[in-house]
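Working notes, beginning with the structure itself.
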Amino acid sequence: MEQLTFQLLDASYEVIGPEARVLLWGRTKTGERVLLFHRGFRPYFYIIPREGFSLGSEEIEQVKLLSKPKSPIIDVSVVDRKFFGRPVKALKVTTMIPEYVRVYREAAAKLGFVERVLEADIRYTMRYLIDNNVYPLRWYRATVNRVEKGGYRVDGTYEIVGSLEEVEEEEISDPLSDLRIMAFDIEVYSKEGSPDPLRDNVIIIAISTQEGSKAIRLDVEGSEQNLIKAFTREILKEDPDIIVGYNQDRFDWPFLKERSSKLGVKLDVGRRIGAQPETSVYGHVSIAGRLNVDLYNFAEEIPGLTLKTLEEVAEFLGVKKKSERVIIPWYRIPEYWDDPRKRETLIRYALDDVESTYGLSGKFLPFGAQLSTTTGIPLDHVMAASTGFRLEWRLIREAYKRGELVPERVERPPASYTGALVLKPEPGIKENVAVLDFASMYPSIMVKYNVGPDTLVRGNEEVSDDEVNVAPMVGHRFRKTPDGFFKGVLLRFLKWRRDIKSRLKRLKPGSPEYLLLDQRQRAIKVLANAMYGYMGWSGARWYCKECAEAVTAWGRELILTAINHARKLGLKVYYGDTDSLFVDYDKEKVEALIKYVEEEMGFEIKIDKIYKRIIFTGAKKRYAGLTVDGIIDVTGLEAVRGDWCELAKEVQLEVLRIVLIKGSTREAVDYVRRVINDLRSGRIPLEKLVIWKTLTRRPSEYKVDGAHVKAALILEKMGYKVAPGMKIGYVIVKGHGKLSDRAKPFILASPDEVDIDYYVEKQIIPAALRVLQVLGVSENELKMRSRGQRSLFDFM
DNA sequence: GCCTGGTCTCTACCC
DNA sequence: ACGGGTAGAGACCAGGCG
C-alpha cells in the first residue's frame, strides 16, 4: 500500500466480468501519467412509491424479483431523501453493471407501487465522480497498490484500495501547468466540392506542441497509410494530455477515421492500446485517456465576431495576425498542392493554422479548466456542453450534497411567458447620459424572494399571506422559509465568488495566480447568471416556468419603480432595457437615485457607463454612443450585425464617428456620397460586398428561401456539403426576378457581375440613413453627388 | 395580370 | 440543447384594380 498524489484528467469505466470498474486517468507531480482503477462502486437508482404505499418488505421483494443473473440486484434498501424540498422515503436499488440500471428502471416503473424512478439517467462515470465529490483537474491523494496491467500507455497502473481525498490547494496552482498540449490540423485534397473521405486524400497533417510545429506530408511520406502512421507515431511520442483542434470533432477526426478504415490503418492514438477515437451521440469525439478539445466550441461563444474562422478568431484574440501569415481559401488547396512552386506556401498555411490553434488553446483552455473544476464535467465535454447542461451538472452535485433527489429529464413542449421591459427611446442626440445597471438583477431577485421550484406554492395549497412572497402581475407565490434549493445554490455561488474576489484583491493584477482566480470567478458568474434562464428552459430537470415568469415580473416592477423615482427626482429617463436605465447625468440626482434603489428598494445599482454623446435611432435596442473615454459603442445597429456587407457596416461606423465626435452632419453626408461614388466606379473590392448568413437548417427544409439559402443550393449542386450552422457568403448579382435568385456564392462571383445598385440602395443607404435620418437627412440627399463630383449631367 | 399592403419567415441582435 | 423582446429585410399571398 502506498499513497499516490495525482491530478485527475479524465474518467471512464470498463466492465470486467461481473462488475464495472472506474478508470481515473491522471498525472503526478513528478510528471508520470498514471491510471487508477477503482473497483467496488456500484451503479444504482431510486424508486419513489405512489401515495398510500409504504415501503416494506413486500415492495422490496417485488424489486428483488426483477434481478437477473448477469447483473444481479445486490441491494434494495429504504432511504430518506428529499424531493423538491419535501422529505421522501425512497428505495435505493443497487446493481453491478451500469447498463443494467436502464433494464431495471424500465422493469421497476411497471410495478404497481412505483410512482417514479429517479437518477437512473445519470451515467455511471458521472455518478462516481459526484458521489465521491471528485472533480476533474483537481488533485487527489489515494491509497493504492501498484498493479501490473498491460494494455495501457501510461507510466503506472494502480488499484485504489483505500481512501481517495482531495488535496487542498495550498497555493493557487494552474491546473494546466505542465500538461502536454498538442494541436493538429489536416489538409485534404478535394478538387470538386467538399472533401469526401471515400474519394479524397489527406495531404498534410500539421501538428504543434510547446516545442514548435511540423507538417507531416503525403509527398514526403510516400503514401497516405504512411502519413497516418506517422501522425499516430507523433501522438504516441509526444503523448499529449490534451489534443486541441479547430472543428476537429466535425471534420478532422471523422475524416481521419473514415480514411483510416478505408486504407486499413489503425488510428491508435489513445492511452488504451487499440482504442480509436470515438464519436458520441452529441458529436463529441473521445480519445481514451486524453482530453480531445474542439476549440471551435469556444470560438462560437465570442460575441462581436461574426465570422468564426480560425484566421479571424486568431486575429481577434491577438494570437496570430492575418497580415503576418498565409491564408489560402479551402477551395484553392488543390491548386497550391499541384503547383510545385506554391506547395511550400500551402505547407506554411497549414503550419500557420496549427500554430494559431495551439495559440488559441492558451486563450480558451484556462477558462475551460475553471468551468471543468466548478461544474465537475471533464474538460473535453465541458467545452462542448451548452450553458444549460453545465449548470445542470453543478446543480446535480449540489442536490447530492443536500440529499435532494434529481428530477428526471422529461420532454415537454416549450411554453413561453412574459419577459423584460424595454422602453422606446425618442430619436435624437443627447449629451451627458449615464447608464445605470442593476447588479445581477435576476439572481438578486431569486435570492430576495426565495424563488425556486421547491418554494413555489403550487395549485390551491393553503398558505397564509405573510408566509409567502407574491410576484407582481402574475401572482405566483414562494414560501419565505426555509431557503429553497436555488436560493441555497445561488448564495453558495455568491459566497464562493466573494471569497475569490477578496483573494484577488491581495494578488497582483496580471500575475498568473490573479488570472487563474479571475477565470474561476468568471466561471461561477456564468453559472449564477444562467439560473434564471435555466428555470425557463423546458428541457431542464428543475424546469419551473412560474419561477422564471415571477422573476421577470419582479424585474419589470423594479425597473418601473426606479424610473418613477428618477422622474420624481427630476431626472430625465431616455431609455431602459431589462435592468438598465439611461438618464441625464446630473451627478446629485443620479446619486440620489442610486441611494433610493439601494436603501429603499434593496437592490444594488451602479453607474455602468457615461456617454458624452449618444444617438438614439428611435428603435429599441439600436443606438450608439461616445463614451467619456472616447470609445464609440454601437448597439444593435447594422455596424455590429453579421448579416450586412462589410462596406455598409464600415460606412455606418464612419458616419457615427463623424456625427458623434465631430458633430458634423454635412461631413457625414459628403462621406457617404464619396463612398457611393467609389462603389459605382468599381473602386471597392468584392470581399467588402459579401453578405454572410447562417444556414440554420438544411436548404430543403426552408419554408421561405432567402438569398443565403439559394446560394447554399448552388454550392450543394456543385458538390459542396452544406450543413446547418455554416455561414454562407454571397453577393447579389445583376439580373431579373427575385432578389434571392440573384444571390451567388462569393467564391463563384466576379466583380463585374455584382449589382451595384442593390448595394447602394439596399446596403449603403439604409445603413447610413439609419443614423442620418435622425439628423433630418433624406435618402435623396445621400443619392446626390457631392461637390466636385458633379458632371454636366447633373444640370440637365 | 399587376400592384399593394399586410403577414409570415428568417436572422441576428440586446440584456 | 438557457430565457424573452426586438428590428428589419424579403418572401409570400390575398384582394383590388382595370
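The chains in the C-alpha cells are called A, B, ... from first to last as shown; in each chain the residues are counted from 1, and the ligands are counted from 1 in the order shown.
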
Excluding stretch 1-14 of chain B and residues on its chain fewer than 6 positions from it, collect all residues at most 10 Å away from it, counting only C-alpha atoms (C1' of nucleotides), and give them as a ChimeraX atom specification. /A:306,577-578,620-622,635-638,640-643,693-696,702-706 /C:5-18

Find the residues near stretch 769-781 of chain A: any atom within 7 Å, counting only C-alpha atoms (C1' of nucleotides), skip ones fewer than 3 places away on the same chain, and give them as an MDAnalysis selection string. chainID A and resid 427:428 617 765:766 784

Give me the residues near A:Gln62 as a list of chain:residue names, where near means some atom within 10 Å (using only C-alpha atoms (C1' of nucleotides)) and where sequence neighbours in that chain fewer than 4 positions away do not count. A:Ser57, A:Glu58, A:Leu66, A:Ser67, A:Ala108, A:Leu111, A:Gly112, A:Phe113

Can you tell me which residues surround A:Ile207 at a distance of at most 12 Å, considering only C-alpha atoms (C1' of nucleotides), apart from same-chain residues fewer than 3 positions away, and format the answer as a short mmCIF file (atom, residue, chain, number, x, y, z; two decimals) with N, CA, C and O atoms, in the first residue's frame?
```cif
data_model
loop_
_atom_site.label_atom_id
_atom_site.label_comp_id
_atom_site.auth_asym_id
_atom_site.auth_seq_id
_atom_site.Cartn_x
_atom_site.Cartn_y
_atom_site.Cartn_z
N ILE A 181 0.12 19.68 -24.32
CA ILE A 181 -0.95 20.03 -25.24
C ILE A 181 -0.44 19.90 -26.66
O ILE A 181 0.67 20.32 -26.99
N MET A 182 -1.25 19.29 -27.50
CA MET A 182 -0.87 19.18 -28.91
C MET A 182 -2.05 19.66 -29.77
O MET A 182 -3.19 19.28 -29.54
N ALA A 183 -1.71 20.51 -30.73
CA ALA A 183 -2.73 20.94 -31.69
C ALA A 183 -2.50 20.20 -33.00
O ALA A 183 -1.37 19.85 -33.32
N PHE A 184 -3.57 19.90 -33.70
CA PHE A 184 -3.38 19.31 -35.02
C PHE A 184 -4.44 19.83 -35.99
O PHE A 184 -5.46 20.38 -35.59
N ASP A 185 -4.10 19.68 -37.26
CA ASP A 185 -4.98 20.20 -38.30
C ASP A 185 -4.64 19.45 -39.58
O ASP A 185 -3.47 19.29 -39.91
N ILE A 186 -5.66 18.97 -40.26
CA ILE A 186 -5.36 18.24 -41.51
C ILE A 186 -5.77 19.07 -42.72
O ILE A 186 -6.67 19.90 -42.66
N GLU A 187 -5.06 18.84 -43.81
CA GLU A 187 -5.47 19.44 -45.09
C GLU A 187 -5.81 18.30 -46.04
O GLU A 187 -5.12 17.29 -46.08
N ILE A 204 -1.79 16.78 -45.88
CA ILE A 204 -0.92 17.33 -44.83
C ILE A 204 -1.58 17.11 -43.48
O ILE A 204 -2.79 17.29 -43.34
N GLN A 210 4.41 22.59 -27.55
CA GLN A 210 5.21 23.65 -26.96
C GLN A 210 6.54 23.81 -27.69
O GLN A 210 7.10 24.88 -27.77
N GLU A 211 7.05 22.69 -28.22
CA GLU A 211 8.37 22.71 -28.87
C GLU A 211 8.35 23.35 -30.25
O GLU A 211 9.38 23.68 -30.79
N GLY A 212 7.15 23.47 -30.82
CA GLY A 212 7.08 24.03 -32.16
C GLY A 212 6.14 23.22 -33.03
O GLY A 212 5.45 22.33 -32.55
N SER A 213 6.14 23.55 -34.31
CA SER A 213 5.19 22.88 -35.18
C SER A 213 5.90 22.15 -36.31
O SER A 213 7.05 22.45 -36.64
N LYS A 214 5.23 21.18 -36.86
CA LYS A 214 5.78 20.48 -38.03
C LYS A 214 4.64 19.95 -38.89
O LYS A 214 3.51 19.78 -38.42
N ALA A 215 4.99 19.75 -40.14
CA ALA A 215 3.99 19.24 -41.07
C ALA A 215 4.37 17.84 -41.52
O ALA A 215 5.51 17.61 -41.91
N ILE A 216 3.44 16.92 -41.43
CA ILE A 216 3.63 15.58 -41.97
C ILE A 216 2.99 15.62 -43.36
O ILE A 216 1.83 16.02 -43.49
N ARG A 217 3.76 15.25 -44.39
CA ARG A 217 3.31 15.49 -45.76
C ARG A 217 3.18 14.20 -46.54
O ARG A 217 4.03 13.32 -46.44
N ALA A 230 2.54 7.97 -39.51
CA ALA A 230 3.48 8.95 -38.96
C ALA A 230 2.79 9.86 -37.95
O ALA A 230 3.36 10.23 -36.92
N PHE A 231 1.54 10.20 -38.25
CA PHE A 231 0.75 11.04 -37.34
C PHE A 231 0.53 10.31 -36.02
O PHE A 231 0.73 10.85 -34.93
N THR A 232 0.13 9.06 -36.12
CA THR A 232 -0.09 8.25 -34.93
C THR A 232 1.20 8.14 -34.10
O THR A 232 1.19 8.29 -32.89
N ARG A 233 2.31 7.89 -34.80
CA ARG A 233 3.60 7.82 -34.11
C ARG A 233 3.92 9.10 -33.36
O ARG A 233 4.36 9.09 -32.22
N GLU A 234 3.64 10.23 -34.02
CA GLU A 234 3.89 11.54 -33.42
C GLU A 234 3.08 11.71 -32.14
O GLU A 234 3.61 12.17 -31.13
N ILE A 235 1.83 11.32 -32.19
CA ILE A 235 0.98 11.46 -31.00
C ILE A 235 1.52 10.59 -29.87
O ILE A 235 1.64 11.03 -28.73
N GLU A 238 4.77 12.19 -28.51
CA GLU A 238 4.55 13.40 -27.69
C GLU A 238 3.67 13.10 -26.48
O GLU A 238 3.73 13.78 -25.48
N PRO A 240 0.40 13.59 -25.71
CA PRO A 240 -0.29 14.76 -25.15
C PRO A 240 -1.43 14.37 -24.21
O PRO A 240 -2.07 13.35 -24.40
N ILE A 243 -5.51 17.16 -26.60
CA ILE A 243 -5.38 17.34 -28.03
C ILE A 243 -6.39 18.41 -28.44
O ILE A 243 -7.58 18.28 -28.16
N VAL A 244 -5.90 19.47 -29.06
CA VAL A 244 -6.82 20.52 -29.48
C VAL A 244 -6.84 20.63 -31.01
O VAL A 244 -5.89 20.26 -31.69
N GLY A 245 -7.94 21.10 -31.49
CA GLY A 245 -8.10 21.34 -32.91
C GLY A 245 -9.14 22.41 -33.10
O GLY A 245 -9.67 22.95 -32.11
N ILE A 347 2.09 24.48 -47.31
CA ILE A 347 2.64 23.91 -46.07
C ILE A 347 2.69 24.99 -44.99
O ILE A 347 2.30 24.78 -43.84
N ALA A 350 -0.67 25.57 -43.60
CA ALA A 350 -1.08 24.53 -42.65
C ALA A 350 -0.40 24.77 -41.30
O ALA A 350 -1.01 24.61 -40.24
N LEU A 351 0.88 25.17 -41.35
CA LEU A 351 1.60 25.43 -40.10
C LEU A 351 1.04 26.66 -39.39
O LEU A 351 0.87 26.66 -38.17
N ASP A 352 0.73 27.70 -40.17
CA ASP A 352 0.13 28.89 -39.56
C ASP A 352 -1.18 28.54 -38.88
O ASP A 352 -1.49 29.04 -37.80
N ASP A 353 -1.95 27.69 -39.52
CA ASP A 353 -3.24 27.27 -38.95
C ASP A 353 -3.04 26.51 -37.65
O ASP A 353 -3.71 26.77 -36.65
N VAL A 354 -2.14 25.57 -37.67
CA VAL A 354 -1.99 24.73 -36.47
C VAL A 354 -1.34 25.53 -35.34
O VAL A 354 -1.65 25.33 -34.17
N GLU A 355 -0.49 26.47 -35.70
CA GLU A 355 0.10 27.34 -34.67
C GLU A 355 -0.97 28.26 -34.08
O GLU A 355 -0.97 28.54 -32.88
N SER A 356 -1.86 28.71 -34.92
CA SER A 356 -2.98 29.53 -34.43
C SER A 356 -3.83 28.70 -33.46
O SER A 356 -4.25 29.19 -32.41
N THR A 357 -4.09 27.47 -33.84
CA THR A 357 -4.89 26.59 -33.00
C THR A 357 -4.21 26.39 -31.65
O THR A 357 -4.85 26.50 -30.60
N TYR A 358 -2.91 26.14 -31.70
CA TYR A 358 -2.17 25.96 -30.45
C TYR A 358 -2.25 27.25 -29.62
O TYR A 358 -2.49 27.21 -28.41
#
```

Distance in Å - atom CA of A:Asn292 versus atom CA of A:Arg541: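 The value is 27.8 Å.
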
Interface list for chain C, partner chain A, 6 Å threshold, only C-alpha atoms (C1' of nucleotides), as number ranges by chain: C: 2-4

Emit the selected residues as a PDB file, in the first residue's frame, including all heavy atoms.
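Heads up, here's the output in result-v8.pdb:
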```pdb
ATOM      1  P    DC C   2     -29.019  25.552 -24.568  1.00  0.00           P
ATOM      2  OP1  DC C   2     -28.390  26.585 -25.368  1.00  0.00           O
ATOM      3  OP2  DC C   2     -28.329  24.835 -23.502  1.00  0.00           O
ATOM      4  O5'  DC C   2     -30.433  26.154 -24.092  1.00  0.00           O
ATOM      5  C5'  DC C   2     -31.100  25.579 -23.005  1.00  0.00           C
ATOM      6  C4'  DC C   2     -31.427  26.645 -22.013  1.00  0.00           C
ATOM      7  O4'  DC C   2     -30.215  27.221 -21.535  1.00  0.00           O
ATOM      8  C3'  DC C   2     -32.148  27.840 -22.630  1.00  0.00           C
ATOM      9  O3'  DC C   2     -33.513  27.552 -22.742  1.00  0.00           O
ATOM     10  C2'  DC C   2     -31.893  28.893 -21.555  1.00  0.00           C
ATOM     11  C1'  DC C   2     -30.519  28.502 -21.013  1.00  0.00           C
ATOM     12  N1   DC C   2     -29.442  29.456 -21.416  1.00  0.00           N
ATOM     13  C2   DC C   2     -29.026  30.403 -20.482  1.00  0.00           C
ATOM     14  O2   DC C   2     -29.564  30.398 -19.367  1.00  0.00           O
ATOM     15  N3   DC C   2     -28.059  31.280 -20.828  1.00  0.00           N
ATOM     16  C4   DC C   2     -27.526  31.239 -22.052  1.00  0.00           C
ATOM     17  N4   DC C   2     -26.583  32.119 -22.325  1.00  0.00           N
ATOM     18  C5   DC C   2     -27.942  30.279 -23.012  1.00  0.00           C
ATOM     19  C6   DC C   2     -28.892  29.410 -22.670  1.00  0.00           C
ATOM     20  P    DG C   3     -34.411  28.331 -23.816  1.00  0.00           P
ATOM     21  OP1  DG C   3     -35.567  27.481 -24.060  1.00  0.00           O
ATOM     22  OP2  DG C   3     -33.565  28.785 -24.926  1.00  0.00           O
ATOM     23  O5'  DG C   3     -34.850  29.613 -23.006  1.00  0.00           O
ATOM     24  C5'  DG C   3     -35.589  29.486 -21.816  1.00  0.00           C
ATOM     25  C4'  DG C   3     -35.918  30.860 -21.339  1.00  0.00           C
ATOM     26  O4'  DG C   3     -34.696  31.542 -21.007  1.00  0.00           O
ATOM     27  C3'  DG C   3     -36.569  31.725 -22.396  1.00  0.00           C
ATOM     28  O3'  DG C   3     -37.968  31.544 -22.364  1.00  0.00           O
ATOM     29  C2'  DG C   3     -36.182  33.118 -21.955  1.00  0.00           C
ATOM     30  C1'  DG C   3     -34.810  32.913 -21.335  1.00  0.00           C
ATOM     31  N9   DG C   3     -33.714  33.259 -22.254  1.00  0.00           N
ATOM     32  C8   DG C   3     -33.008  32.434 -23.088  1.00  0.00           C
ATOM     33  N7   DG C   3     -32.103  33.052 -23.787  1.00  0.00           N
ATOM     34  C5   DG C   3     -32.215  34.369 -23.383  1.00  0.00           C
ATOM     35  C6   DG C   3     -31.495  35.527 -23.792  1.00  0.00           C
ATOM     36  O6   DG C   3     -30.583  35.602 -24.611  1.00  0.00           O
ATOM     37  N1   DG C   3     -31.934  36.662 -23.137  1.00  0.00           N
ATOM     38  C2   DG C   3     -32.937  36.700 -22.204  1.00  0.00           C
ATOM     39  N2   DG C   3     -33.223  37.888 -21.690  1.00  0.00           N
ATOM     40  N3   DG C   3     -33.618  35.633 -21.809  1.00  0.00           N
ATOM     41  C4   DG C   3     -33.209  34.506 -22.443  1.00  0.00           C
ATOM     42  P    DG C   4     -38.819  32.038 -23.653  1.00  0.00           P
ATOM     43  OP1  DG C   4     -40.161  31.480 -23.458  1.00  0.00           O
ATOM     44  OP2  DG C   4     -38.069  31.834 -24.905  1.00  0.00           O
ATOM     45  O5'  DG C   4     -38.872  33.598 -23.405  1.00  0.00           O
ATOM     46  C5'  DG C   4     -39.573  34.139 -22.288  1.00  0.00           C
ATOM     47  C4'  DG C   4     -39.456  35.632 -22.332  1.00  0.00           C
ATOM     48  O4'  DG C   4     -38.067  35.973 -22.572  1.00  0.00           O
ATOM     49  C3'  DG C   4     -40.240  36.282 -23.477  1.00  0.00           C
ATOM     50  O3'  DG C   4     -40.676  37.562 -23.019  1.00  0.00           O
ATOM     51  C2'  DG C   4     -39.205  36.396 -24.581  1.00  0.00           C
ATOM     52  C1'  DG C   4     -37.946  36.710 -23.785  1.00  0.00           C
ATOM     53  N9   DG C   4     -36.721  36.304 -24.479  1.00  0.00           N
ATOM     54  C8   DG C   4     -36.380  35.050 -24.913  1.00  0.00           C
ATOM     55  N7   DG C   4     -35.223  35.011 -25.527  1.00  0.00           N
ATOM     56  C5   DG C   4     -34.783  36.323 -25.500  1.00  0.00           C
ATOM     57  C6   DG C   4     -33.594  36.916 -26.018  1.00  0.00           C
ATOM     58  O6   DG C   4     -32.667  36.357 -26.620  1.00  0.00           O
ATOM     59  N1   DG C   4     -33.544  38.285 -25.780  1.00  0.00           N
ATOM     60  C2   DG C   4     -34.522  38.996 -25.121  1.00  0.00           C
ATOM     61  N2   DG C   4     -34.303  40.307 -24.990  1.00  0.00           N
ATOM     62  N3   DG C   4     -35.627  38.463 -24.630  1.00  0.00           N
ATOM     63  C4   DG C   4     -35.698  37.131 -24.855  1.00  0.00           C
TER      64       DG C   4
END
```

Residue contacts of stretch 247-254 of chain A (8 Å, only C-alpha atoms (C1' of nucleotides)) excluding same-chain residues fewer than 5 positions away, as a ChimeraX atom specification: /A:185-186,277,279,283-285,294-297

Between A:Tyr759, A:Phe746, A:Phe255, A:Trp644, which residue has the minimum interatomic distance to chain B, considering only C-alpha atoms (C1' of nucleotides)? A:Trp644
